[in-house]
file entry39.tsv (TSV, C-alpha atoms)
chain	number	residue	atom	x	y	z
A	1	MET	CA	-25.03	-17.08	9.54
A	2	THR	CA	-26.08	-17.06	5.93
A	3	ASN	CA	-26.54	-14.28	3.53
A	4	ALA	CA	-29.80	-12.60	2.74
A	5	ARG	CA	-29.64	-12.01	-1.02
A	6	CYS	CA	-27.97	-15.13	-2.38
A	7	PRO	CA	-30.62	-17.78	-3.18
A	8	GLU	CA	-28.27	-20.62	-2.20
A	9	PRO	CA	-25.95	-19.04	0.37
A	10	ILE	CA	-22.87	-20.81	1.66
A	11	GLU	CA	-22.71	-21.09	5.44
A	12	PHE	CA	-20.05	-18.82	6.95
A	13	SER	CA	-18.65	-21.89	8.75
A	14	ASP	CA	-18.05	-23.57	5.36
A	15	ILE	CA	-16.34	-20.44	4.09
A	16	VAL	CA	-14.07	-20.45	7.15
A	17	ASP	CA	-13.29	-24.15	6.62
A	18	TYR	CA	-12.51	-23.40	2.98
A	19	TRP	CA	-10.08	-20.66	3.97
A	20	THR	CA	-8.34	-22.83	6.59
A	21	GLY	CA	-8.06	-25.84	4.28
A	22	ASP	CA	-10.45	-28.05	6.25
A	23	LEU	CA	-12.59	-29.05	3.28
A	24	SER	CA	-12.22	-31.83	0.73
A	25	ARG	CA	-11.02	-30.86	-2.74
A	26	ALA	CA	-14.54	-31.43	-4.10
A	27	ASP	CA	-16.06	-29.09	-1.50
A	28	GLU	CA	-13.37	-26.49	-2.18
A	29	ASP	CA	-14.22	-26.64	-5.89
A	30	ARG	CA	-17.91	-26.28	-5.11
A	31	ILE	CA	-17.31	-23.16	-3.01
A	32	GLU	CA	-15.03	-21.61	-5.61
A	33	GLU	CA	-17.61	-22.19	-8.36
A	34	HIS	CA	-20.22	-20.49	-6.21
A	35	VAL	CA	-18.07	-17.56	-5.13
A	36	PHE	CA	-17.19	-16.75	-8.74
A	37	THR	CA	-20.86	-16.45	-9.63
A	38	CYS	CA	-22.16	-14.83	-6.43
A	39	ALA	CA	-21.05	-11.40	-5.23
A	40	ASP	CA	-22.72	-11.84	-1.82
A	41	CYS	CA	-20.83	-15.00	-0.96
A	42	ALA	CA	-17.63	-13.52	-2.39
A	43	ARG	CA	-18.08	-10.75	0.17
A	44	GLU	CA	-18.47	-13.31	2.96
A	45	LEU	CA	-15.19	-14.91	1.89
A	46	ALA	CA	-13.51	-11.50	1.85
A	47	GLU	CA	-14.72	-10.94	5.40
A	48	ALA	CA	-13.26	-14.25	6.56
A	49	LYS	CA	-9.94	-13.30	4.95
A	50	THR	CA	-10.06	-9.86	6.56
A	51	LEU	CA	-10.58	-11.33	10.02
A	52	ALA	CA	-7.85	-13.92	9.53
A	53	ARG	CA	-5.40	-11.22	8.46
A	54	GLY	CA	-6.42	-9.05	11.42
A	55	VAL	CA	-5.84	-11.84	13.94
A	56	ALA	CA	-2.42	-12.58	12.43
A	57	ALA	CA	-1.50	-8.89	12.51
A	58	VAL	CA	-2.48	-8.53	16.19
A	59	ALA	CA	-0.42	-11.58	17.10
A	60	ARG	CA	2.56	-10.58	14.93
A	61	GLU	CA	2.77	-7.23	16.71
A	62	GLY	CA	2.86	-8.96	20.10
A	63	ARG	CA	-0.48	-7.44	21.10
A	64	ILE	CA	-1.65	-10.66	22.72
A	65	GLY	CA	-2.70	-10.29	26.34
A	66	ALA	CA	-3.59	-13.92	26.72
A	67	VAL	CA	-2.50	-17.43	27.43
A	68	VAL	CA	-0.11	-18.50	24.68
A	69	THR	CA	1.59	-21.71	23.63
A	70	ASP	CA	5.19	-22.58	22.84
A	71	ALA	CA	4.20	-22.78	19.16
A	72	MET	CA	2.98	-19.17	19.26
A	73	LEU	CA	6.17	-18.01	20.99
A	74	ASN	CA	8.33	-19.86	18.47
A	75	ARG	CA	6.50	-18.18	15.62
A	76	LEU	CA	6.81	-14.76	17.28
A	77	ALA	CA	10.52	-15.30	17.85
A	78	ALA	CA	10.93	-16.35	14.20
A	79	ASP	CA	9.18	-13.10	13.21
A	80	GLY	CA	11.74	-11.14	15.23
A	81	ALA	CA	9.68	-10.34	18.35
A	82	ARG	CA	11.63	-9.74	21.56
A	83	ILE	CA	10.10	-11.93	24.23
A	84	ARG	CA	11.03	-11.70	27.90
A	85	MET	CA	10.18	-14.68	30.05
A	86	PHE	CA	9.83	-15.03	33.83
A	87	THR	CA	9.19	-18.29	35.60
A	88	LEU	CA	6.67	-18.24	38.46
A	89	GLU	CA	7.26	-21.25	40.65
A	90	GLY	CA	7.26	-22.00	44.39
A	91	SER	CA	7.29	-19.29	47.05
A	92	GLY	CA	9.37	-16.15	47.46
A	93	ILE	CA	9.43	-12.84	45.63
A	94	ILE	CA	10.27	-12.99	41.95
A	95	PRO	CA	12.14	-9.99	40.53
A	96	CYS	CA	10.99	-8.85	37.08
A	97	ALA	CA	11.16	-5.86	34.76
A	98	VAL	CA	10.45	-4.82	31.21
A	99	TRP	CA	13.01	-3.43	28.76
A	100	ALA	CA	12.42	-0.61	26.29
A	101	ASP	CA	12.68	-2.86	23.25
A	102	ASP	CA	10.66	-5.81	24.55
A	103	ASP	CA	7.57	-6.77	22.56
A	104	LEU	CA	6.04	-9.36	24.84
A	105	VAL	CA	6.49	-10.39	28.46
A	106	VAL	CA	5.53	-13.95	29.34
A	107	SER	CA	4.97	-15.49	32.76
A	108	ARG	CA	5.71	-19.18	32.77
A	109	ILE	CA	3.35	-20.17	35.60
A	110	ARG	CA	4.20	-23.56	37.09
A	111	ALA	CA	1.77	-25.26	39.47
A	112	ASP	CA	-0.38	-28.34	39.96
A	113	PHE	CA	-3.48	-27.57	37.90
A	114	ASP	CA	-5.10	-30.99	38.34
A	115	GLN	CA	-7.89	-29.78	40.65
A	116	SER	CA	-10.04	-28.50	37.80
A	117	ASP	CA	-10.33	-28.56	34.03
A	118	SER	CA	-10.00	-24.78	33.83
A	119	VAL	CA	-8.42	-21.98	35.84
A	120	THR	CA	-8.59	-18.20	36.12
A	121	ILE	CA	-5.42	-16.09	36.32
A	122	VAL	CA	-5.62	-12.65	37.88
A	123	THR	CA	-2.74	-10.19	37.91
A	124	ARG	CA	-3.15	-7.24	40.27
A	125	LEU	CA	-1.41	-4.35	41.94
A	126	PRO	CA	-1.19	-3.79	45.74
A	127	SER	CA	-4.08	-1.31	45.36
A	128	GLY	CA	-6.28	-4.18	44.23
A	129	ASP	CA	-6.49	-2.86	40.67
A	130	GLU	CA	-6.34	-5.68	38.15
A	131	ILE	CA	-3.90	-5.35	35.26
A	132	GLY	CA	-4.83	-8.69	33.79
A	133	ARG	CA	-7.49	-11.36	34.07
A	134	VAL	CA	-7.77	-14.46	31.94
A	135	SER	CA	-10.83	-16.56	32.72
A	136	ASP	CA	-11.65	-20.18	31.98
A	137	VAL	CA	-8.22	-21.19	30.80
A	138	PRO	CA	-8.60	-24.87	29.86
A	139	VAL	CA	-6.04	-27.20	31.43
A	140	ARG	CA	-5.28	-30.78	30.46
A	141	PRO	CA	-4.79	-33.60	32.95
A	142	GLY	CA	-1.17	-33.58	34.06
A	143	GLN	CA	-0.52	-30.05	32.76
A	144	ARG	CA	2.04	-28.27	34.98
A	145	GLU	CA	2.62	-25.04	33.13
A	146	ILE	CA	0.64	-22.12	31.67
A	147	LEU	CA	2.21	-19.33	29.62
A	148	ASN	CA	0.52	-16.00	30.30
A	149	ALA	CA	1.52	-13.17	27.96
A	150	PHE	CA	1.36	-9.40	28.32
A	151	PRO	CA	2.10	-6.83	25.62
A	152	ALA	CA	5.32	-5.18	26.81
A	153	ALA	CA	3.92	-1.76	25.83
A	154	ASP	CA	1.22	-2.17	28.52
A	155	LEU	CA	3.74	-3.13	31.21
A	156	ARG	CA	5.97	-0.16	30.36
A	157	LYS	CA	3.20	2.08	31.65
A	158	LEU	CA	3.61	0.60	35.14
A	159	PRO	CA	5.88	2.18	37.75
A	160	ALA	CA	8.15	0.00	39.89
A	161	THR	CA	5.67	-1.89	42.03
A	162	ARG	CA	4.83	-5.18	43.58
A	163	VAL	CA	2.50	-7.38	41.51
A	164	GLN	CA	0.44	-10.38	42.60
A	165	VAL	CA	-0.51	-13.26	40.34
A	166	ILE	CA	-3.30	-15.49	41.63
A	167	VAL	CA	-4.46	-18.69	39.97
A	168	THR	CA	-7.88	-19.94	40.99
A	169	ALA	CA	-9.96	-22.95	39.99
A	170	GLN	CA	-13.63	-23.74	40.35
A	171	VAL	CA	-13.85	-26.93	42.39
A	172	GLY	CA	-17.48	-27.89	42.87
A	173	SER	CA	-19.19	-24.76	44.15
A	174	ASP	CA	-15.98	-23.33	45.61
A	175	GLU	CA	-13.45	-21.09	43.91
A	176	ARG	CA	-10.09	-22.21	45.28
A	177	THR	CA	-6.75	-20.50	45.05
A	178	ILE	CA	-4.34	-23.07	43.69
A	179	ALA	CA	-1.25	-20.88	43.28
A	180	GLU	CA	-0.17	-17.39	44.28
A	181	TYR	CA	2.98	-15.50	43.36
A	182	THR	CA	4.48	-12.14	44.23
A	183	LEU	CA	6.61	-10.29	41.71
A	184	GLU	CA	8.77	-7.24	42.35
A	185	HIS	CA	8.44	-5.25	39.14
A	186	GLY	CA	11.49	-3.00	38.78
A	187	GLY	CA	9.93	-0.78	36.10
A	188	THR	CA	11.20	-0.13	32.58
A	189	PHE	CA	14.90	-0.36	31.73
A	190	ASP	CA	16.59	1.20	28.78
A	191	ARG	CA	18.91	-1.33	27.17
A	192	LEU	CA	21.75	1.27	26.95
A	193	ASN	CA	21.79	1.68	30.74
A	194	THR	CA	21.91	-2.00	31.65
B	1	MET	CA	-6.24	-7.85	-30.34
B	2	SER	CA	-5.36	-5.04	-27.94
B	3	LEU	CA	-1.78	-3.83	-27.74
B	4	CYS	CA	-2.29	-2.44	-24.24
B	5	THR	CA	0.06	-3.64	-21.50
B	6	THR	CA	-1.22	-5.15	-18.24
B	7	SER	CA	-0.47	-1.95	-16.36
B	8	ASP	CA	-2.26	0.20	-18.96
B	9	LEU	CA	-5.38	-1.90	-18.67
B	10	THR	CA	-5.42	-2.24	-14.89
B	11	GLU	CA	-4.77	1.47	-14.51
B	12	ARG	CA	-7.78	2.16	-16.67
B	13	TRP	CA	-9.96	-0.43	-14.92
B	14	THR	CA	-9.05	0.61	-11.41
B	15	ALA	CA	-9.59	4.29	-12.19
B	16	GLY	CA	-13.30	3.46	-12.10
B	17	SER	CA	-14.34	6.94	-13.15
B	18	VAL	CA	-17.12	5.92	-15.52
B	19	ALA	CA	-20.53	5.36	-14.06
B	20	LEU	CA	-22.15	2.17	-15.26
B	21	VAL	CA	-25.88	2.28	-14.80
B	22	HIS	CA	-28.37	1.80	-17.53
B	23	GLY	CA	-31.84	3.20	-17.63
B	24	SER	CA	-34.63	0.66	-17.70
B	25	GLY	CA	-37.70	2.42	-18.98
B	26	ASP	CA	-39.55	4.29	-16.29
B	27	SER	CA	-38.39	2.22	-13.32
B	28	GLY	CA	-35.00	3.85	-12.72
B	29	VAL	CA	-31.56	2.28	-12.96
B	30	VAL	CA	-30.48	-1.33	-13.29
B	31	THR	CA	-27.05	-2.76	-12.66
B	32	PRO	CA	-26.05	-5.03	-15.56
B	33	SER	CA	-25.59	-8.71	-14.86
B	34	ASP	CA	-22.17	-10.33	-15.15
B	35	GLY	CA	-23.29	-11.87	-18.45
B	36	GLY	CA	-24.54	-8.50	-19.67
B	37	LEU	CA	-21.16	-6.95	-18.99
B	38	ALA	CA	-19.40	-9.76	-20.84
B	39	ARG	CA	-21.68	-9.34	-23.88
B	40	ALA	CA	-21.12	-5.56	-23.91
B	41	ILE	CA	-17.34	-6.01	-23.89
B	42	ALA	CA	-17.45	-8.71	-26.55
B	43	SER	CA	-19.65	-6.73	-28.91
B	44	ALA	CA	-17.92	-3.35	-28.59
B	45	PRO	CA	-15.07	-2.20	-30.82
B	46	PRO	CA	-11.67	-2.28	-28.99
B	47	GLY	CA	-11.49	0.49	-26.41
B	48	ALA	CA	-15.18	1.38	-26.63
B	49	ALA	CA	-16.34	-0.57	-23.55
B	50	GLN	CA	-14.08	0.97	-20.92
B	51	ALA	CA	-16.84	1.36	-18.36
B	52	GLU	CA	-17.88	-2.29	-18.72
B	53	GLU	CA	-14.26	-3.47	-18.49
B	54	SER	CA	-13.75	-1.40	-15.33
B	55	GLU	CA	-16.90	-2.84	-13.83
B	56	LEU	CA	-15.88	-6.42	-14.66
B	57	TYR	CA	-12.51	-5.76	-13.05
B	58	ARG	CA	-14.14	-4.21	-9.98
B	59	ARG	CA	-16.43	-7.22	-9.55
B	60	PHE	CA	-13.97	-10.02	-10.16
B	61	ALA	CA	-10.46	-8.84	-9.28
B	62	PRO	CA	-11.16	-9.15	-5.50
B	63	ARG	CA	-12.40	-12.73	-6.02
B	64	VAL	CA	-9.37	-13.72	-8.06
B	65	ARG	CA	-7.16	-12.07	-5.44
B	66	LEU	CA	-8.84	-14.17	-2.72
B	67	TYR	CA	-8.41	-17.29	-4.82
B	68	GLY	CA	-4.74	-16.40	-5.24
B	69	LEU	CA	-4.23	-15.79	-1.52
B	70	LYS	CA	-5.83	-19.12	-0.70
B	71	HIS	CA	-3.79	-21.13	-3.18
B	72	LEU	CA	-0.56	-19.16	-3.55
B	73	ARG	CA	-0.31	-17.83	0.03
B	74	ASP	CA	1.39	-14.70	-1.17
B	75	GLU	CA	-0.10	-11.22	-1.39
B	76	ALA	CA	2.00	-10.03	-4.33
B	77	ALA	CA	1.45	-13.23	-6.31
B	78	ALA	CA	-2.31	-12.96	-5.68
B	79	GLU	CA	-2.31	-9.38	-6.94
B	80	ASP	CA	-0.37	-10.39	-10.06
B	81	LEU	CA	-2.79	-13.26	-10.62
B	82	ALA	CA	-5.81	-10.93	-10.44
B	83	GLN	CA	-4.32	-8.63	-13.06
B	84	GLN	CA	-3.27	-11.47	-15.38
B	85	VAL	CA	-6.62	-13.24	-15.14
B	86	LEU	CA	-8.66	-10.13	-15.89
B	87	LEU	CA	-6.33	-9.19	-18.74
B	88	VAL	CA	-6.75	-12.64	-20.32
B	89	THR	CA	-10.51	-12.54	-19.75
B	90	ILE	CA	-10.99	-9.18	-21.45
B	91	GLU	CA	-8.78	-10.16	-24.36
B	92	ARG	CA	-10.67	-13.43	-24.83
B	93	LEU	CA	-13.98	-11.56	-24.68
B	94	ARG	CA	-12.81	-9.04	-27.28
B	95	ALA	CA	-11.59	-11.86	-29.52
B	96	GLY	CA	-14.98	-13.58	-29.29
B	97	GLU	CA	-13.44	-16.65	-27.64
B	98	VAL	CA	-15.79	-16.86	-24.64
B	99	ARG	CA	-18.74	-19.06	-25.61
B	100	ASN	CA	-21.16	-18.70	-22.72
B	101	MET	CA	-21.29	-15.09	-21.59
B	102	ASP	CA	-23.72	-15.87	-18.76
B	103	GLU	CA	-21.07	-18.08	-17.17
B	104	ILE	CA	-18.31	-15.51	-17.27
B	105	GLY	CA	-17.67	-16.16	-13.54
B	106	SER	CA	-16.87	-19.81	-14.28
B	107	PHE	CA	-14.63	-18.73	-17.14
B	108	ILE	CA	-12.72	-16.40	-14.80
B	109	LEU	CA	-12.40	-19.15	-12.19
B	110	GLY	CA	-11.08	-21.58	-14.81
B	111	THR	CA	-8.53	-19.00	-15.96
B	112	SER	CA	-7.56	-18.37	-12.31
B	113	ARG	CA	-6.99	-22.10	-11.77
B	114	MET	CA	-4.91	-22.43	-14.91
B	115	LEU	CA	-2.69	-19.40	-14.23
B	116	ALA	CA	-2.36	-20.15	-10.47
B	117	GLY	CA	-1.27	-23.70	-11.33
B	118	SER	CA	1.43	-22.29	-13.57
B	119	THR	CA	2.52	-19.86	-10.81
B	120	GLN	CA	2.67	-22.71	-8.29
B	121	ARG	CA	4.86	-24.77	-10.59
B	122	LYS	CA	7.22	-21.81	-11.01
B	123	ALA	CA	7.25	-21.26	-7.23
B	124	ARG	CA	8.14	-24.91	-6.64
B	125	ARG	CA	11.02	-24.64	-9.11
B	126	ARG	CA	12.19	-21.48	-7.35
B	127	GLU	CA	12.00	-23.20	-3.94
B	128	THR	CA	14.06	-26.08	-5.27
B	129	LEU	CA	16.69	-23.66	-6.53
B	130	THR	CA	16.59	-21.70	-3.29
B	131	ALA	CA	17.11	-24.86	-1.26
B	132	ARG	CA	19.94	-25.98	-3.51
B	133	PHE	CA	21.84	-22.70	-3.32
B	134	HIS	CA	20.78	-21.73	0.23
B	135	ALA	CA	19.57	-18.34	-0.93
B	136	PRO	CA	17.24	-16.69	1.60
B	137	GLU	CA	13.73	-15.79	0.35
B	138	LEU	CA	12.40	-12.35	1.04
B	139	SER	CA	8.93	-12.42	2.50
B	140	VAL	CA	6.74	-9.36	2.61
B	141	GLU	CA	3.94	-9.32	5.14
B	142	PRO	CA	0.80	-7.50	4.08
B	143	SER	CA	0.28	-4.15	5.71
B	144	VAL	CA	-2.80	-3.73	7.86
B	145	ALA	CA	-4.21	-0.40	8.97
B	146	SER	CA	-3.61	0.29	12.65
B	147	GLY	CA	-7.27	1.12	13.27
B	148	ASP	CA	-8.26	-2.32	12.01
B	149	ILE	CA	-5.69	-4.01	14.23
B	150	GLU	CA	-6.96	-2.12	17.26
B	151	ALA	CA	-10.54	-3.21	16.56
B	152	VAL	CA	-9.52	-6.84	16.12
B	153	GLU	CA	-7.30	-6.69	19.23
B	154	ARG	CA	-10.13	-5.31	21.34
B	155	CYS	CA	-12.57	-7.90	20.05
B	156	LEU	CA	-10.11	-10.77	20.41
B	157	HIS	CA	-9.94	-10.03	24.11
B	158	SER	CA	-13.69	-10.38	24.44
B	159	LEU	CA	-13.55	-13.99	23.23
B	160	ALA	CA	-13.35	-17.08	25.41
B	161	GLU	CA	-9.78	-18.10	26.15
B	162	ARG	CA	-9.84	-21.31	24.11
B	163	ASP	CA	-11.50	-19.62	21.11
B	164	ARG	CA	-8.89	-16.87	21.08
B	165	ARG	CA	-6.09	-19.41	21.24
B	166	VAL	CA	-7.58	-21.39	18.36
B	167	LEU	CA	-7.77	-18.26	16.18
B	168	ILE	CA	-4.17	-17.28	16.87
B	169	LEU	CA	-2.90	-20.81	16.29
B	170	THR	CA	-4.89	-20.99	13.05
B	171	PHE	CA	-4.23	-17.65	11.46
B	172	TYR	CA	-0.88	-16.61	12.92
B	173	VAL	CA	0.97	-19.85	13.67
B	174	GLU	CA	-0.80	-21.44	10.65
B	175	LYS	CA	-1.39	-24.79	12.30
B	176	THR	CA	-3.90	-27.27	10.92
B	177	SER	CA	-7.01	-28.25	12.88
B	178	SER	CA	-5.51	-31.61	13.80
B	179	GLU	CA	-2.27	-29.99	15.02
B	180	ILE	CA	-4.24	-27.54	17.17
B	181	ALA	CA	-6.42	-30.36	18.47
B	182	GLU	CA	-3.35	-32.26	19.56
B	183	GLU	CA	-1.84	-29.20	21.22
B	184	LEU	CA	-5.03	-28.37	23.14
B	185	GLY	CA	-5.97	-31.96	23.94
B	186	VAL	CA	-9.33	-31.80	22.16
B	187	THR	CA	-10.77	-33.22	18.94
B	188	GLY	CA	-10.51	-31.62	15.51
B	189	THR	CA	-14.27	-31.08	15.55
B	190	VAL	CA	-14.00	-29.09	18.79
B	191	VAL	CA	-11.31	-26.94	17.15
B	192	ARG	CA	-13.46	-26.25	14.08
B	193	VAL	CA	-16.57	-25.46	16.13
B	194	SER	CA	-14.51	-23.17	18.35
B	195	ARG	CA	-13.07	-21.42	15.26
B	196	HIS	CA	-16.50	-20.93	13.64
B	197	ARG	CA	-17.96	-19.49	16.84
B	198	ALA	CA	-14.98	-17.22	17.43
B	199	LEU	CA	-14.91	-15.82	13.90
B	200	GLU	CA	-18.66	-15.18	13.95
B	201	ARG	CA	-18.28	-13.23	17.20
B	202	LEU	CA	-15.22	-11.42	15.96
B	203	ARG	CA	-17.01	-10.45	12.75
B	204	GLU	CA	-19.93	-9.09	14.70
B	205	CYS	CA	-17.70	-7.28	17.20
B	206	VAL	CA	-15.55	-5.47	14.62
B	207	GLY	CA	-18.65	-4.50	12.66
B	208	LEU	CA	-17.76	-6.36	9.47
B	209	ARG	CA	-21.05	-8.21	9.30
B	210	GLY	CA	-23.28	-7.00	6.54
B	211	HIS	CA	-23.88	-7.47	2.86
B	212	ASP	CA	-23.88	-3.89	1.66
B	213	GLY	CA	-20.28	-3.71	0.51
B	214	SER	CA	-17.99	-4.41	3.43
B	215	VAL	CA	-14.61	-2.78	3.36
B	216	ASP	CA	-11.61	-5.05	3.59
B	217	LEU	CA	-8.32	-4.21	5.29
B	218	ARG	CA	-6.89	-2.78	2.10
B	219	GLY	CA	-9.74	-0.31	1.90
B	220	THR	CA	-11.31	-1.81	-1.22
B	221	ARG	CA	-14.92	-2.65	-1.52
B	222	THR	CA	-15.46	-6.26	-2.27
B	223	SER	CA	-18.59	-6.25	-4.33
call {"tool": "encode", "arguments": {"input": "entry39.tsv", "output": "structure tokens"}}
result
Amino acid sequence: MTNARCPEPIEFSDIVDYWTGDLSRADEDRIEEHVFTCADCARELAEAKTLARGVAAVAREGRIGAVVTDAMLNRLAADGARIRMFTLEGSGIIPCAVWADDDLVVSRIRADFDQSDSVTIVTRLPSGDEIGRVSDVPVRPGQREILNAFPAADLRKLPATRVQVIVTAQVGSDERTIAEYTLEHGGTFDRLNT
Amino acid sequence: MSLCTTSDLTERWTAGSVALVHGSGDSGVVTPSDGGLARAIASAPPGAAQAEESELYRRFAPRVRLYGLKHLRDEAAAEDLAQQVLLVTIERLRAGEVRNMDEIGSFILGTSRMLAGSTQRKARRRETLTARFHAPELSVEPSVASGDIEAVERCLHSLAERDRRVLILTFYVEKTSSEIAEELGVTGTVVRVSRHRALERLRECVGLRGHDGSVDLRGTRTS
């Protein structure tokens, strides 16, 4: 995407690379020289900054309903987020709950993901209603764990209920279930009563 | 030389109450060029070009602030830099020390580089002292309007899983492209392409795209 009024517009991708530090010093200098003489491209840079700040703010507030990494969780913990973790592994019913002051609830899903290079994770209630779906989660060869995060505020809206987590993979033309877990969600607990 | 303080000047500039449009014969109004503004400030008696000074501040303070954020990584330091740079610029214009008025943007960038370099050196000295005496640093995160966060949150969820992860690792965890590539088991090029695509889609989704004066998260127009 380029800009309509600047006669020599900078590509938005270059502006993003500038902001993330992926350019050489010479290219950074070139972009800065241009931005200080071109209001249109300065606006493009401001937009990139705005989006970057917005993404950071969403993550910092624990509003990530997505697959996360240990690095993200470490950063959240360093920022003071309360993270509750449950491990989904093997068979049997897994008890879980959310506390009033939790920010993020993370399922540590352990399985053999080698059948495909991506999986889909569906979280649903006994009624069949989905409360979470993450599609096309890339998996690396040998990967045995996926961290699936839910904003705790969303889970606090749930009553005590059973929850199913199903991991599927596209193998050839078939969609195969490669792992399935049942959780017994005990509802929301107030820290003072526990 | 003006005896105004930084706060006096920035208060006046940011007030922005003076319209700055000049008639151009029978064809309506024309917005002065950056060079035209610089010439007007330089040729006016002290205090007589308030509208032009406000306009110069309105045009360039956001750019200096962005430059400061990029190089100083601190919102308050970037704000201070913007005020210092524009103060120096206006004083140099008034004193007749800016040679090429048509390249006032380059002059402001040069001043930004010089003052940011000085700020960075001070910050490094402060970090050294902090490390030596184990004094904790206070960090202030920028505030973001809740409506903006909701829009970004909604749009983030519409992105492909890998793209979303790349954005969060980049802008929240502040990892480099090569660190993200290693974590995701892909190349640095894949990370950059994924980031470009994701930000383009995010920009479109939140409705930021456009060149008619987009509003940033602080509610200030950027042109």
call {"tool": "residues_around", "arguments": {"input": "entry39.tsv", "residues": "Gly35 (chain B)", "least_positions_apart": "3", "cutoff": "10 Å", "atoms": "only C-alpha atoms", "output": "NGL selection string"}}
result
:B and (32 or 38-41 or 56 or 100-105)
call {"tool": "interface_residues", "arguments": {"input": "entry39.tsv", "of": "chain A", "to": "chain B", "cutoff": "8 Å", "atoms": "all atoms listed in the file", "output": "PDB file with C-alpha atoms, in the frame of the given file"}}
result
ATOM      1  CA  MET A   1     -25.030 -17.080   9.540  1.00  0.00           C
ATOM      2  CA  ASN A   3     -26.540 -14.280   3.530  1.00  0.00           C
ATOM      3  CA  ALA A   4     -29.800 -12.600   2.740  1.00  0.00           C
ATOM      4  CA  PHE A  12     -20.050 -18.820   6.950  1.00  0.00           C
ATOM      5  CA  SER A  13     -18.650 -21.890   8.750  1.00  0.00           C
ATOM      6  CA  VAL A  16     -14.070 -20.450   7.150  1.00  0.00           C
ATOM      7  CA  ASP A  17     -13.290 -24.150   6.620  1.00  0.00           C
ATOM      8  CA  TRP A  19     -10.080 -20.660   3.970  1.00  0.00           C
ATOM      9  CA  THR A  20      -8.340 -22.830   6.590  1.00  0.00           C
ATOM     10  CA  GLY A  21      -8.060 -25.840   4.280  1.00  0.00           C
ATOM     11  CA  ASP A  22     -10.450 -28.050   6.250  1.00  0.00           C
ATOM     12  CA  GLU A  32     -15.030 -21.610  -5.610  1.00  0.00           C
ATOM     13  CA  GLU A  33     -17.610 -22.190  -8.360  1.00  0.00           C
ATOM     14  CA  VAL A  35     -18.070 -17.560  -5.130  1.00  0.00           C
ATOM     15  CA  PHE A  36     -17.190 -16.750  -8.740  1.00  0.00           C
ATOM     16  CA  THR A  37     -20.860 -16.450  -9.630  1.00  0.00           C
ATOM     17  CA  ALA A  39     -21.050 -11.400  -5.230  1.00  0.00           C
ATOM     18  CA  ASP A  40     -22.720 -11.840  -1.820  1.00  0.00           C
ATOM     19  CA  ALA A  42     -17.630 -13.520  -2.390  1.00  0.00           C
ATOM     20  CA  ARG A  43     -18.080 -10.750   0.170  1.00  0.00           C
ATOM     21  CA  GLU A  44     -18.470 -13.310   2.960  1.00  0.00           C
ATOM     22  CA  LEU A  45     -15.190 -14.910   1.890  1.00  0.00           C
ATOM     23  CA  ALA A  46     -13.510 -11.500   1.850  1.00  0.00           C
ATOM     24  CA  GLU A  47     -14.720 -10.940   5.400  1.00  0.00           C
ATOM     25  CA  ALA A  48     -13.260 -14.250   6.560  1.00  0.00           C
ATOM     26  CA  LYS A  49      -9.940 -13.300   4.950  1.00  0.00           C
ATOM     27  CA  THR A  50     -10.060  -9.860   6.560  1.00  0.00           C
ATOM     28  CA  LEU A  51     -10.580 -11.330  10.020  1.00  0.00           C
ATOM     29  CA  ALA A  52      -7.850 -13.920   9.530  1.00  0.00           C
ATOM     30  CA  ARG A  53      -5.400 -11.220   8.460  1.00  0.00           C
ATOM     31  CA  GLY A  54      -6.420  -9.050  11.420  1.00  0.00           C
ATOM     32  CA  VAL A  55      -5.840 -11.840  13.940  1.00  0.00           C
ATOM     33  CA  ALA A  56      -2.420 -12.580  12.430  1.00  0.00           C
ATOM     34  CA  ALA A  57      -1.500  -8.890  12.510  1.00  0.00           C
ATOM     35  CA  VAL A  58      -2.480  -8.530  16.190  1.00  0.00           C
ATOM     36  CA  ALA A  59      -0.420 -11.580  17.100  1.00  0.00           C
ATOM     37  CA  ARG A  60       2.560 -10.580  14.930  1.00  0.00           C
ATOM     38  CA  ARG A  63      -0.480  -7.440  21.100  1.00  0.00           C
ATOM     39  CA  ILE A  64      -1.650 -10.660  22.720  1.00  0.00           C
ATOM     40  CA  GLY A  65      -2.700 -10.290  26.340  1.00  0.00           C
ATOM     41  CA  ALA A  66      -3.590 -13.920  26.720  1.00  0.00           C
ATOM     42  CA  VAL A  67      -2.500 -17.430  27.430  1.00  0.00           C
ATOM     43  CA  VAL A  68      -0.110 -18.500  24.680  1.00  0.00           C
ATOM     44  CA  ALA A  71       4.200 -22.780  19.160  1.00  0.00           C
ATOM     45  CA  MET A  72       2.980 -19.170  19.260  1.00  0.00           C
ATOM     46  CA  ARG A  75       6.500 -18.180  15.620  1.00  0.00           C
ATOM     47  CA  VAL A 134      -7.770 -14.460  31.940  1.00  0.00           C
ATOM     48  CA  SER A 135     -10.830 -16.560  32.720  1.00  0.00           C
ATOM     49  CA  ASP A 136     -11.650 -20.180  31.980  1.00  0.00           C
ATOM     50  CA  VAL A 137      -8.220 -21.190  30.800  1.00  0.00           C
ATOM     51  CA  PRO A 138      -8.600 -24.870  29.860  1.00  0.00           C
ATOM     52  CA  ARG A 140      -5.280 -30.780  30.460  1.00  0.00           C
TER      53      ARG A 140
END
call {"tool": "atom_distance", "arguments": {"input": "entry39.tsv", "atom1": "CA of Val167 (chain A)", "atom2": "CA of Ile94 (chain A)"}}
result
15.9 Å
call {"tool": "closest_residue", "arguments": {"input": "entry39.tsv", "among": "B:Ser33, B:Ser54, B:Gln83, B:Ser158", "to": "Cys205 (chain B)", "atoms": "only C-alpha atoms"}}
result
B:Ser158
